[in-house]
$ cat my_file29.csv   # CSV, C-alpha atoms
chain,number,residue,atom,x,y,z
H,1,MET,CA,0.0,0.0,0.0
H,2,ALA,CA,3.1,2.2,-0.1
H,3,GLY,CA,2.2,5.6,-1.7
H,4,ILE,CA,-1.6,5.2,-1.4
H,5,LEU,CA,-1.9,7.7,1.5
H,6,LYS,CA,0.6,10.2,0.0
H,7,GLY,CA,-0.8,13.7,0.1
H,8,ARG,CA,-3.7,12.9,2.4
H,9,SER,CA,-4.4,14.5,5.7
H,10,PHE,CA,-4.9,12.6,9.0
H,11,LEU,CA,-7.9,14.1,10.7
H,12,THR,CA,-10.1,11.3,12.0
H,13,LEU,CA,-10.2,7.5,11.6
H,14,LYS,CA,-13.6,8.0,10.1
H,15,ASP,CA,-11.7,8.9,6.9
H,16,PHE,CA,-9.7,5.6,6.7
H,17,THR,CA,-10.6,2.1,5.9
H,18,PRO,CA,-9.7,-0.8,8.2
H,19,LYS,CA,-7.1,-1.9,5.6
H,20,GLU,CA,-5.5,1.6,5.7
H,21,ILE,CA,-5.4,1.6,9.5
H,22,LYS,CA,-3.8,-1.8,9.6
H,23,TYR,CA,-1.2,-0.6,7.1
H,24,LEU,CA,-0.4,2.4,9.4
H,25,ILE,CA,-0.1,0.1,12.4
H,26,GLY,CA,2.2,-2.3,10.5
H,27,LEU,CA,4.3,0.6,9.3
H,28,ALA,CA,4.6,1.9,12.9
H,29,ALA,CA,5.7,-1.6,14.1
H,30,ASP,CA,8.4,-1.6,11.4
H,31,VAL,CA,9.8,1.8,12.3
H,32,LYS,CA,9.7,1.0,16.0
H,33,TYR,CA,11.7,-2.2,15.3
H,34,LYS,CA,14.2,-0.1,13.3
H,35,LYS,CA,14.5,2.5,16.0
H,36,LYS,CA,15.2,-0.2,18.6
H,37,GLU,CA,17.8,-1.8,16.3
H,38,GLY,CA,19.5,1.5,15.5
H,39,ILE,CA,18.5,1.3,11.8
H,40,PRO,CA,18.1,4.8,10.5
H,41,VAL,CA,15.0,6.0,8.7
H,42,ASN,CA,16.2,9.5,8.0
H,43,HIS,CA,15.6,10.1,4.3
H,44,TYR,CA,13.4,13.2,4.8
H,45,GLN,CA,16.2,15.7,4.9
H,46,GLY,CA,15.0,19.0,3.4
H,47,LYS,CA,11.4,18.4,4.7
H,48,ASN,CA,10.0,20.8,7.3
H,49,ILE,CA,6.9,20.5,9.4
H,50,ALA,CA,4.9,23.1,11.6
H,51,LEU,CA,3.4,22.1,14.9
H,52,VAL,CA,0.5,24.4,15.8
H,53,PHE,CA,-0.5,24.0,19.4
H,54,GLU,CA,-3.5,25.9,20.8
H,55,LYS,CA,-3.5,23.3,23.6
H,56,THR,CA,-0.1,22.3,25.0
H,57,SER,CA,0.9,18.6,25.5
H,58,THR,CA,4.0,16.8,26.6
H,59,ARG,CA,3.4,13.5,24.6
H,60,THR,CA,2.1,15.0,21.4
H,61,ARG,CA,4.8,17.6,21.1
H,62,CYS,CA,7.6,15.3,22.0
H,63,SER,CA,6.3,12.5,19.8
H,64,PHE,CA,6.1,14.8,16.7
H,65,GLU,CA,9.4,16.5,17.4
H,66,VAL,CA,11.5,13.3,18.0
H,67,ALA,CA,9.8,11.5,15.1
H,68,ALA,CA,10.6,14.4,12.8
H,69,HIS,CA,14.2,14.7,14.0
H,70,ASP,CA,14.7,11.0,13.7
H,71,MET,CA,13.7,11.2,10.0
H,72,GLY,CA,15.8,14.2,9.3
H,73,MET,CA,13.1,16.8,9.2
H,74,GLY,CA,13.1,20.4,10.5
H,75,VAL,CA,10.4,21.4,13.0
H,76,THR,CA,8.8,24.7,14.0
H,77,TYR,CA,6.8,24.7,17.2
H,78,LEU,CA,4.1,27.4,17.5
H,79,ASP,CA,2.7,27.5,21.0
H,80,PRO,CA,-0.6,29.2,21.9
H,81,SER,CA,1.0,32.6,21.8
H,82,GLY,CA,3.2,31.9,18.7
H,83,SER,CA,0.4,31.9,16.1
H,84,GLN,CA,-2.4,34.3,15.2
H,85,ILE,CA,-4.6,31.5,13.9
H,86,GLY,CA,-8.3,32.5,14.2
H,87,ARG,CA,-7.4,35.8,15.9
H,88,LYS,CA,-5.5,38.3,13.7
H,89,GLU,CA,-5.4,35.9,10.8
H,90,SER,CA,-8.1,33.6,9.5
H,91,ILE,CA,-7.7,29.8,9.6
H,92,ALA,CA,-7.7,29.7,5.8
H,93,ASP,CA,-5.1,32.4,5.5
H,94,THR,CA,-2.9,30.7,8.1
H,95,ALA,CA,-3.2,27.4,6.3
H,96,ARG,CA,-2.2,28.9,3.0
H,97,VAL,CA,0.8,30.7,4.5
H,98,LEU,CA,2.1,27.6,6.3
H,99,GLY,CA,1.4,25.4,3.3
H,100,ARG,CA,3.8,27.5,1.2
H,101,MET,CA,6.6,27.0,3.8
H,102,TYR,CA,6.1,23.5,5.2
H,103,ASP,CA,5.6,20.0,3.9
H,104,GLY,CA,3.1,19.1,6.7
H,105,ILE,CA,1.2,20.8,9.5
H,106,GLU,CA,0.1,19.3,12.9
H,107,TYR,CA,-2.7,21.0,14.8
H,108,ARG,CA,-3.7,20.4,18.4
H,109,GLY,CA,-6.5,22.5,19.8
H,110,TYR,CA,-10.2,23.1,19.8
H,111,GLY,CA,-13.0,22.3,17.4
H,112,GLN,CA,-12.6,19.6,14.7
H,113,GLU,CA,-13.8,22.3,12.2
H,114,ILE,CA,-10.5,24.1,12.7
H,115,VAL,CA,-8.3,21.2,11.6
H,116,GLU,CA,-10.7,20.4,8.8
H,117,GLU,CA,-10.4,24.0,7.5
H,118,LEU,CA,-6.6,23.9,7.8
H,119,ALA,CA,-6.6,20.7,5.7
H,120,LYS,CA,-8.9,22.3,3.1
H,121,TYR,CA,-6.6,25.2,2.4
H,122,ALA,CA,-3.1,24.1,3.3
H,123,GLY,CA,-2.2,22.2,0.2
H,124,VAL,CA,-0.1,19.8,2.3
H,125,PRO,CA,-1.0,17.0,4.7
H,126,VAL,CA,-2.5,18.2,8.0
H,127,TRP,CA,-2.4,15.9,11.0
H,128,ASN,CA,-4.8,16.1,13.9
H,129,GLY,CA,-2.9,16.1,17.2
H,130,LEU,CA,-6.1,16.4,19.2
H,131,THR,CA,-9.4,18.3,18.8
H,132,ASN,CA,-12.4,18.4,21.1
H,133,GLU,CA,-14.0,15.7,19.0
H,134,PHE,CA,-11.2,13.4,17.9
H,135,HIS,CA,-7.7,12.1,18.8
H,136,PRO,CA,-6.7,9.9,15.9
H,137,THR,CA,-2.9,9.7,16.5
H,138,GLN,CA,-3.7,8.4,20.0
H,139,MET,CA,-5.9,5.7,18.5
H,140,LEU,CA,-3.0,4.3,16.3
H,141,ALA,CA,-0.8,4.2,19.4
H,142,ASP,CA,-3.5,2.4,21.3
H,143,LEU,CA,-4.1,-0.2,18.6
H,144,LEU,CA,-0.4,-0.9,18.2
H,145,THR,CA,-0.1,-1.3,22.0
H,146,ILE,CA,-3.1,-3.7,22.1
H,147,GLN,CA,-1.6,-5.7,19.2
H,148,GLU,CA,1.8,-5.9,21.0
H,149,HIS,CA,0.3,-7.1,24.4
H,150,LEU,CA,-2.7,-9.2,23.3
H,151,GLY,CA,-1.4,-10.5,20.0
H,152,ARG,CA,-4.5,-9.4,18.1
H,153,ILE,CA,-6.8,-6.5,17.5
H,154,GLU,CA,-9.9,-8.1,16.0
H,155,GLY,CA,-12.2,-9.6,18.5
H,156,VAL,CA,-10.7,-7.6,21.5
H,157,LYS,CA,-13.2,-6.4,24.0
H,158,LEU,CA,-12.4,-2.8,25.1
H,159,THR,CA,-14.3,-1.0,27.9
H,160,TYR,CA,-14.0,2.7,28.2
H,161,MET,CA,-14.9,4.2,31.6
H,162,GLY,CA,-15.5,7.9,32.2
H,163,ASP,CA,-16.8,10.8,30.2
H,164,ALA,CA,-17.4,9.2,26.7
H,165,ARG,CA,-18.8,12.4,25.0
H,166,TYR,CA,-15.5,13.9,23.7
H,167,ASN,CA,-12.3,13.0,21.8
H,168,MET,CA,-11.3,9.9,23.6
H,169,GLY,CA,-14.7,8.2,23.9
H,170,ASN,CA,-15.6,9.2,20.3
H,171,SER,CA,-12.3,8.1,18.9
H,172,LEU,CA,-12.1,4.7,20.7
H,173,MET,CA,-15.7,3.9,19.6
H,174,VAL,CA,-14.8,4.7,16.0
H,175,ALA,CA,-11.5,2.8,16.1
H,176,CYS,CA,-12.9,-0.3,17.7
H,177,SER,CA,-16.0,-0.5,15.5
H,178,LYS,CA,-13.8,-0.1,12.4
H,179,MET,CA,-11.3,-2.8,13.5
H,180,GLY,CA,-13.8,-5.6,14.5
H,181,MET,CA,-13.5,-4.9,18.2
H,182,ASP,CA,-16.2,-4.9,20.8
H,183,PHE,CA,-16.5,-1.4,22.3
H,184,THR,CA,-18.3,-0.7,25.5
H,185,ALA,CA,-18.8,2.8,27.0
H,186,CYS,CA,-19.3,2.2,30.7
H,187,THR,CA,-20.5,5.4,32.3
H,188,SER,CA,-23.4,7.5,33.5
H,189,LYS,CA,-26.0,7.9,30.9
H,190,ASP,CA,-25.4,11.7,30.9
H,191,TYR,CA,-21.9,10.9,29.5
H,192,PHE,CA,-22.8,8.6,26.7
H,193,PRO,CA,-21.4,9.4,23.3
H,194,ASP,CA,-23.4,11.4,20.7
H,195,ALA,CA,-26.3,9.4,19.3
H,196,GLY,CA,-25.3,10.2,15.7
H,197,LEU,CA,-21.8,9.0,16.1
H,198,VAL,CA,-23.1,5.8,17.9
H,199,GLU,CA,-25.3,5.1,14.9
H,200,LEU,CA,-22.3,5.6,12.5
H,201,SER,CA,-20.1,3.4,14.6
H,202,ASN,CA,-22.8,0.7,14.7
H,203,GLY,CA,-22.6,0.8,10.9
H,204,TYR,CA,-18.8,0.3,11.0
H,205,ALA,CA,-19.2,-2.6,13.5
H,206,LYS,CA,-21.8,-4.3,11.3
H,207,GLU,CA,-19.2,-4.4,8.5
H,208,SER,CA,-16.3,-5.4,10.7
H,209,GLY,CA,-17.9,-7.9,13.0
H,210,GLY,CA,-17.4,-5.7,16.0
H,211,SER,CA,-20.0,-4.2,18.4
H,212,VAL,CA,-20.9,-1.1,20.3
H,213,THR,CA,-22.5,-1.2,23.8
H,214,LEU,CA,-23.5,1.6,26.1
H,215,THR,CA,-24.1,0.7,29.7
H,216,GLU,CA,-24.3,2.3,33.2
H,217,ASP,CA,-23.6,-1.1,34.9
H,218,VAL,CA,-20.0,-1.6,35.9
H,219,GLU,CA,-20.1,-5.3,36.5
H,220,SER,CA,-21.6,-6.2,33.1
H,221,GLY,CA,-19.7,-3.5,31.3
H,222,THR,CA,-16.3,-4.7,32.5
H,223,LYS,CA,-17.0,-8.4,32.6
H,224,ASP,CA,-14.3,-10.3,30.7
H,225,ALA,CA,-13.0,-7.2,29.0
H,226,ASP,CA,-9.5,-7.5,27.5
H,227,VAL,CA,-8.8,-3.8,27.8
H,228,ILE,CA,-10.0,-1.4,30.5
H,229,TYR,CA,-9.4,2.2,29.3
H,230,THR,CA,-10.0,5.5,31.1
H,231,ASP,CA,-9.0,9.2,30.8
H,232,VAL,CA,-9.1,12.2,33.1
H,233,TRP,CA,-12.6,13.3,34.2
H,234,VAL,CA,-12.1,17.0,33.9
H,235,SER,CA,-10.0,19.2,31.6
H,236,MET,CA,-7.7,21.7,33.0
H,237,GLY,CA,-9.2,25.2,33.6
H,238,GLU,CA,-12.7,24.0,34.1
H,239,PRO,CA,-14.4,25.5,37.2
H,240,ASP,CA,-14.8,23.8,40.6
H,241,GLU,CA,-18.5,23.1,39.9
H,242,VAL,CA,-17.5,21.0,37.0
H,243,TRP,CA,-15.1,19.0,39.1
H,244,ALA,CA,-17.7,18.4,41.8
H,245,GLU,CA,-20.3,17.3,39.2
H,246,ARG,CA,-17.9,14.9,37.4
H,247,ILE,CA,-16.5,13.4,40.6
H,248,ASN,CA,-20.0,12.8,41.9
H,249,LYS,CA,-21.2,11.1,38.7
H,250,LEU,CA,-18.1,9.3,37.6
H,251,SER,CA,-16.7,8.0,41.0
H,252,PRO,CA,-18.7,4.7,40.5
H,253,TYR,CA,-16.7,4.3,37.2
H,254,GLN,CA,-13.2,4.6,38.7
H,255,VAL,CA,-10.8,1.9,37.5
H,256,ASN,CA,-9.8,0.0,40.6
H,257,LYS,CA,-8.7,-3.5,41.5
H,258,LYS,CA,-12.3,-4.7,41.7
H,259,VAL,CA,-12.8,-3.6,38.1
H,260,MET,CA,-9.6,-5.2,36.9
H,261,ASP,CA,-10.5,-8.5,38.7
H,262,ASN,CA,-13.8,-8.5,36.9
H,263,ALA,CA,-12.1,-8.2,33.5
H,264,ALA,CA,-10.4,-11.0,31.6
H,265,GLU,CA,-7.5,-12.8,33.3
H,266,ASN,CA,-4.9,-11.2,31.0
H,267,ALA,CA,-6.6,-7.8,30.8
H,268,ILE,CA,-4.5,-4.7,30.3
H,269,PHE,CA,-5.1,-1.2,31.7
H,270,MET,CA,-4.7,1.8,29.3
H,271,HIS,CA,-4.8,5.6,29.7
H,272,CYS,CA,-3.7,8.3,27.3
H,273,LEU,CA,-2.2,10.4,30.1
H,274,PRO,CA,-1.7,12.5,32.2
H,275,ALA,CA,-3.5,10.5,34.9
H,276,PHE,CA,-4.6,11.5,38.4
H,277,HIS,CA,-3.7,8.4,40.3
H,278,ASN,CA,-1.9,9.8,43.4
H,279,LEU,CA,-1.1,13.0,45.3
H,280,LYS,CA,2.3,13.7,43.6
H,281,THR,CA,0.9,16.6,41.4
H,282,GLN,CA,-0.5,20.0,42.3
H,283,ILE,CA,-3.9,19.1,40.9
H,284,GLY,CA,-3.9,15.8,42.7
H,285,ARG,CA,-3.2,17.5,46.0
H,286,GLU,CA,-5.9,20.1,45.4
H,287,VAL,CA,-8.5,17.5,44.5
H,288,TYR,CA,-7.6,15.6,47.7
H,289,GLU,CA,-8.0,18.7,49.8
H,290,LYS,CA,-11.4,19.6,48.2
H,291,PHE,CA,-12.9,16.1,47.7
H,292,GLY,CA,-10.9,13.7,49.8
H,293,MET,CA,-9.9,11.4,46.9
H,294,ASP,CA,-6.3,10.3,46.5
H,295,GLY,CA,-6.9,9.1,43.0
H,296,LEU,CA,-9.6,10.0,40.5
H,297,GLU,CA,-10.2,8.0,37.3
H,298,VAL,CA,-7.8,5.2,38.3
H,299,THR,CA,-6.3,4.1,41.6
H,300,ASP,CA,-2.5,4.1,42.1
H,301,GLU,CA,-2.7,0.3,42.7
H,302,VAL,CA,-4.0,-0.3,39.1
H,303,PHE,CA,-1.8,2.4,37.5
H,304,GLU,CA,1.4,0.9,38.9
H,305,SER,CA,0.3,-2.7,38.4
H,306,GLY,CA,1.7,-5.2,36.0
H,307,GLN,CA,-1.5,-4.9,34.0
H,308,SER,CA,-0.8,-1.2,33.2
H,309,VAL,CA,0.7,-0.6,29.8
H,310,VAL,CA,0.4,3.2,29.8
H,311,PHE,CA,4.0,3.9,29.2
H,312,ASP,CA,4.3,1.5,26.3
H,313,GLU,CA,1.2,3.3,25.0
H,314,ALA,CA,2.9,6.7,25.5
H,315,GLU,CA,6.0,5.6,23.7
H,316,ASN,CA,4.0,4.2,20.8
H,317,ARG,CA,2.7,7.7,20.1
H,318,MET,CA,6.1,8.5,18.6
H,319,HIS,CA,6.2,5.4,16.4
H,320,THR,CA,2.7,5.7,15.1
H,321,ILE,CA,3.1,9.5,14.4
H,322,LYS,CA,6.2,8.6,12.5
H,323,ALA,CA,4.2,6.2,10.4
H,324,VAL,CA,1.5,8.8,9.7
H,325,MET,CA,4.1,11.3,8.5
H,326,MET,CA,5.9,8.8,6.4
H,327,ALA,CA,2.7,7.5,4.7
H,328,THR,CA,1.2,11.0,4.0
H,329,LEU,CA,4.5,12.7,3.0
H,330,GLY,CA,5.4,9.7,0.9
H,331,GLU,CA,7.8,6.9,1.8
H,332,ALA,CA,11.1,7.8,0.1

$ encode --input "my_file29.csv" --output "C-alpha cells"
Amino acid sequence: MAGILKGRSFLTLKDFTPKEIKYLIGLAADVKYKKKEGIPVNHYQGKNIALVFEKTSTRTRCSFEVAAHDMGMGVTYLDPSGSQIGRKESIADTARVLGRMYDGIEYRGYGQEIVEELAKYAGVPVWNGLTNEFHPTQMLADLLTIQEHLGRIEGVKLTYMGDARYNMGNSLMVACSKMGMDFTACTSKDYFPDAGLVELSNGYAKESGGSVTLTEDVESGTKDADVIYTDVWVSMGEPDEVWAERINKLSPYQVNKKVMDNAAENAIFMHCLPAFHNLKTQIGREVYEKFGMDGLEVTDEVFESGQSVVFDEAENRMHTIKAVMMATLGEA
C-alpha cells in the first residue's frame, strides 16, 4: 500500500478504511523495530513541518518532534502565543501561508472544524494532534499497544470508563468499531457518546464484525474485558463546579482492583495520560483537599500494576506518528 496515502491529511479515523489503518499500524511496528535496532529512517532531509499547538501537551509535542528529527526533518513549534490563527489571521489564510513554507502541518487545539479547514486550504498534509471531538494519533498508538500485548486487535473487547462524550470516547468507539473490536462505554447515561456517532459506529461494527455497547452497569460493562481504558474526568481550567459534578457522577466508574479483577484474566489497563492516580501533582493534592480522593479516574494500585501498559502506549505515540508522517508525505 506504499504511496496510497501520500498527500492525504490525517484528521479522524472515520476517513480511513480498516485496511489503511492496519497498514499504518504495520508501518509503525516496522519503524519501531528499526528505532530499537538502530537502523536509521532518515531520508526526509529537506522536509519541514509546523506544529500548531493551541492546547499544550507533553506527549504530542515530544512525539512529533522526536519523530521528525529521527527522520531528518526540521520542526517549527508554534505555542498558543506563537500563532495568530483565528485571531488576527483567519484559519484559511494561516493554512495557505504555512502550506507554502512547510511540507506538513500538525494541529492540536479546539474544534474539529479548525483542523478540517486547515486541511482544506493548506495544500499539504495536515495531522490532527487532538481536537475536542477526535484524537486519531492516540488511536493508532492504542491499537499498536493492544496488538503488542494481546497479539491481536480483531475480537478484542475494550471497555472505556469515564466521560465518553468527547475526543477519547468518540475516537475509541470509531476505532474499535472499524477494526472488528467490541467497544463498551461504561459510564453514567449523561456521559454517553453522541447518538449520531453511535449510529455511525454501529454501521462500522456491522461491516467489521465488532459491536458497540453503552451501559451504566460496571459489573456487566467490564466483565471479561480484554482492555480497560480511562481518561481524566475534567479538563484543566474548568471551574470547581464541573469538578464536583464529574466526581459525583463518575466516581462509580473509577478503574480500581475490583474492576480489573472482573475483567479478563490477561486484561490490560490503558490511559492516554496524564493521569490523576496519586497525590504527587499539584492538581492531585488540590483534589484531595477539596474532595478527599487520593486518586480519580484510576487508583494508584492499578496504574502501577503489571496490567498497566500506559508507558508502552505513550512511547507508541512516537512510532505511530512517524508512520503517519511517512505515509502521508510519501515513503522515500

$ closest_atom_pairs --input "my_file29.csv" --of "segment 105-133 of chain H" --to "segment 164-171 of chain H" --cutoff "10 Å" --atoms "all atoms listed in the file" --output "CSV"
residue,atom,partner,partner_atom,distance
H:Gln112,CA,H:Asn167,CA,9.7
H:Leu130,CA,H:Asn167,CA,7.5
H:Thr131,CA,H:Asn167,CA,6.7
H:Asn132,CA,H:Asn167,CA,5.4
H:Glu133,CA,H:Asn167,CA,4.2

$ atom_distance --input "my_file29.csv" --atom1 "atom CA of Gly180 of chain H" --atom2 "atom CA of His271 of chain H"
20.9 Å

$ closest_atom_pairs --input "my_file29.csv" --of "segment 136-222 of chain H" --to "segment 243-253 of chain H" --cutoff "7 Å" --atoms "all atoms listed in the file" --output "tab-separated table"
residue	atom	partner	partner_atom	distance
H:Met161	CA	H:Tyr253	CA	5.9
H:Gly162	CA	H:Leu250	CA	6.2
H:Thr187	CA	H:Tyr253	CA	6.3
H:Ser188	CA	H:Lys249	CA	6.7
H:Val218	CA	H:Tyr253	CA	6.9

$ atom_distance --input "my_file29.csv" --atom1 "atom CA of Thr159 of chain H" --atom2 "atom CA of Asp226 of chain H"
8.1 Å

$ closest_residue --input "my_file29.csv" --among "H:Lys14, H:Lys55, H:Lys157, H:Lys19" --to "Asp182 of chain H" --atoms "all atoms listed in the file"
H:Lys157

$ residues_around --input "my_file29.csv" --residues "Asn256 of chain H" --least-positions-apart "5" --cutoff "12 Å" --atoms "only C-alpha atoms" --output "compact mmCIF listing (two decimals) with C-alpha atoms, in the coordinates of the input"
# COMPACT_ATOMS: atom_id res chain seq x y z
CA MET H 161 -14.90 4.20 31.60
CA VAL H 218 -20.00 -1.60 35.90
CA THR H 222 -16.30 -4.70 32.50
CA ILE H 228 -10.00 -1.40 30.50
CA TYR H 229 -9.40 2.20 29.30
CA THR H 230 -10.00 5.50 31.10
CA SER H 251 -16.70 8.00 41.00
CA ASP H 261 -10.50 -8.50 38.70
CA ASN H 262 -13.80 -8.50 36.90
CA ALA H 263 -12.10 -8.20 33.50
CA PHE H 269 -5.10 -1.20 31.70
CA HIS H 277 -3.70 8.40 40.30
CA GLY H 295 -6.90 9.10 43.00
CA LEU H 296 -9.60 10.00 40.50
CA GLU H 297 -10.20 8.00 37.30
CA VAL H 298 -7.80 5.20 38.30
CA THR H 299 -6.30 4.10 41.60
CA ASP H 300 -2.50 4.10 42.10
CA GLU H 301 -2.70 0.30 42.70
CA VAL H 302 -4.00 -0.30 39.10
CA PHE H 303 -1.80 2.40 37.50
CA GLU H 304 1.40 0.90 38.90
CA SER H 305 0.30 -2.70 38.40
CA GLN H 307 -1.50 -4.90 34.00
CA SER H 308 -0.80 -1.20 33.20

$ residues_around --input "my_file29.csv" --residues "Asp15 of chain H" --least-positions-apart "2" --cutoff "12 Å" --atoms "all atoms listed in the file" --output "PyMOL selection string"
chain H and resi 5+8-13+17-21+116+134+136+174-175+178+204

$ closest_residue --input "my_file29.csv" --among "H:Met326, H:Val310, H:Ile146, H:Val232" --to "Arg59 of chain H" --atoms "all atoms listed in the file"
H:Val310

$ residues_around --input "my_file29.csv" --residues "Glu154 of chain H" --least-positions-apart "2" --cutoff "9 Å" --atoms "only C-alpha atoms" --output "VMD selection string"
chain H and resid 152 156 to 157 176 179 to 182 208 to 210

$ residues_near_point --input "my_file29.csv" --point "(4.3, 10.9, -2.5)" --cutoff "9 Å" --atoms "only C-alpha atoms" --output "list in words"
Gly3, Ile4, Leu5, Lys6, Gly7, Ala327, Thr328, Leu329, Gly330, Glu331 and Ala332 of chain H

$ write_last_selection --input "my_file29.csv" --atoms "C-alpha atoms" --output "CSV table (one decimal), in the frame of the given file"
chain,number,residue,atom,x,y,z
H,3,GLY,CA,2.2,5.6,-1.7
H,4,ILE,CA,-1.6,5.2,-1.4
H,5,LEU,CA,-1.9,7.7,1.5
H,6,LYS,CA,0.6,10.2,0.0
H,7,GLY,CA,-0.8,13.7,0.1
H,327,ALA,CA,2.7,7.5,4.7
H,328,THR,CA,1.2,11.0,4.0
H,329,LEU,CA,4.5,12.7,3.0
H,330,GLY,CA,5.4,9.7,0.9
H,331,GLU,CA,7.8,6.9,1.8
H,332,ALA,CA,11.1,7.8,0.1

$ residues_near_point --input "my_file29.csv" --point "(-0.9, 30.7, 22.1)" --cutoff "10 Å" --atoms "all atoms listed in the file" --output "PDB file with C-alpha atoms, in the frame of the given file"
ATOM      1  CA  VAL H  52       0.500  24.400  15.800  1.00  0.00           C
ATOM      2  CA  PHE H  53      -0.500  24.000  19.400  1.00  0.00           C
ATOM      3  CA  GLU H  54      -3.500  25.900  20.800  1.00  0.00           C
ATOM      4  CA  LYS H  55      -3.500  23.300  23.600  1.00  0.00           C
ATOM      5  CA  THR H  56      -0.100  22.300  25.000  1.00  0.00           C
ATOM      6  CA  LEU H  78       4.100  27.400  17.500  1.00  0.00           C
ATOM      7  CA  ASP H  79       2.700  27.500  21.000  1.00  0.00           C
ATOM      8  CA  PRO H  80      -0.600  29.200  21.900  1.00  0.00           C
ATOM      9  CA  SER H  81       1.000  32.600  21.800  1.00  0.00           C
ATOM     10  CA  GLY H  82       3.200  31.900  18.700  1.00  0.00           C
ATOM     11  CA  SER H  83       0.400  31.900  16.100  1.00  0.00           C
ATOM     12  CA  GLN H  84      -2.400  34.300  15.200  1.00  0.00           C
ATOM     13  CA  ILE H  85      -4.600  31.500  13.900  1.00  0.00           C
TER      14      ILE H  85
END

$ atom_distance --input "my_file29.csv" --atom1 "atom CA of Phe311 of chain H" --atom2 "atom CA of Asp217 of chain H"
28.6 Å

$ residues_around --input "my_file29.csv" --residues "segment 96-108 of chain H" --least-positions-apart "6" --cutoff "7 Å" --atoms "all atoms listed in the file" --output "NGL selection string"
:H and (47-55 or 115 or 121-131)

$ write_last_selection --input "my_file29.csv" --atoms "C-alpha atoms" --output "PDB file, keeping the file's coordinate frame"
ATOM      1  CA  LYS H  47      11.400  18.400   4.700  1.00  0.00           C
ATOM      2  CA  ASN H  48      10.000  20.800   7.300  1.00  0.00           C
ATOM      3  CA  ILE H  49       6.900  20.500   9.400  1.00  0.00           C
ATOM      4  CA  ALA H  50       4.900  23.100  11.600  1.00  0.00           C
ATOM      5  CA  LEU H  51       3.400  22.100  14.900  1.00  0.00           C
ATOM      6  CA  VAL H  52       0.500  24.400  15.800  1.00  0.00           C
ATOM      7  CA  PHE H  53      -0.500  24.000  19.400  1.00  0.00           C
ATOM      8  CA  GLU H  54      -3.500  25.900  20.800  1.00  0.00           C
ATOM      9  CA  LYS H  55      -3.500  23.300  23.600  1.00  0.00           C
ATOM     10  CA  VAL H 115      -8.300  21.200  11.600  1.00  0.00           C
ATOM     11  CA  TYR H 121      -6.600  25.200   2.400  1.00  0.00           C
ATOM     12  CA  ALA H 122      -3.100  24.100   3.300  1.00  0.00           C
ATOM     13  CA  GLY H 123      -2.200  22.200   0.200  1.00  0.00           C
ATOM     14  CA  VAL H 124      -0.100  19.800   2.300  1.00  0.00           C
ATOM     15  CA  PRO H 125      -1.000  17.000   4.700  1.00  0.00           C
ATOM     16  CA  VAL H 126      -2.500  18.200   8.000  1.00  0.00           C
ATOM     17  CA  TRP H 127      -2.400  15.900  11.000  1.00  0.00           C
ATOM     18  CA  ASN H 128      -4.800  16.100  13.900  1.00  0.00           C
ATOM     19  CA  GLY H 129      -2.900  16.100  17.200  1.00  0.00           C
ATOM     20  CA  LEU H 130      -6.100  16.400  19.200  1.00  0.00           C
ATOM     21  CA  THR H 131      -9.400  18.300  18.800  1.00  0.00           C
TER      22      THR H 131
END

$ closest_residue --input "my_file29.csv" --among "H:Leu158, H:Leu150, H:Cys62, H:Ala141" --to "Ala323 of chain H" --atoms "only C-alpha atoms"
H:Ala141

$ closest_residue --input "my_file29.csv" --among "H:Leu143, H:Ile114, H:Lys257, H:Thr215" --to "Leu24 of chain H" --atoms "only C-alpha atoms"
H:Leu143

$ residues_around --input "my_file29.csv" --residues "Ala67 of chain H" --least-positions-apart "5" --cutoff "9 Å" --atoms "all atoms listed in the file" --output "count of residues only"
8
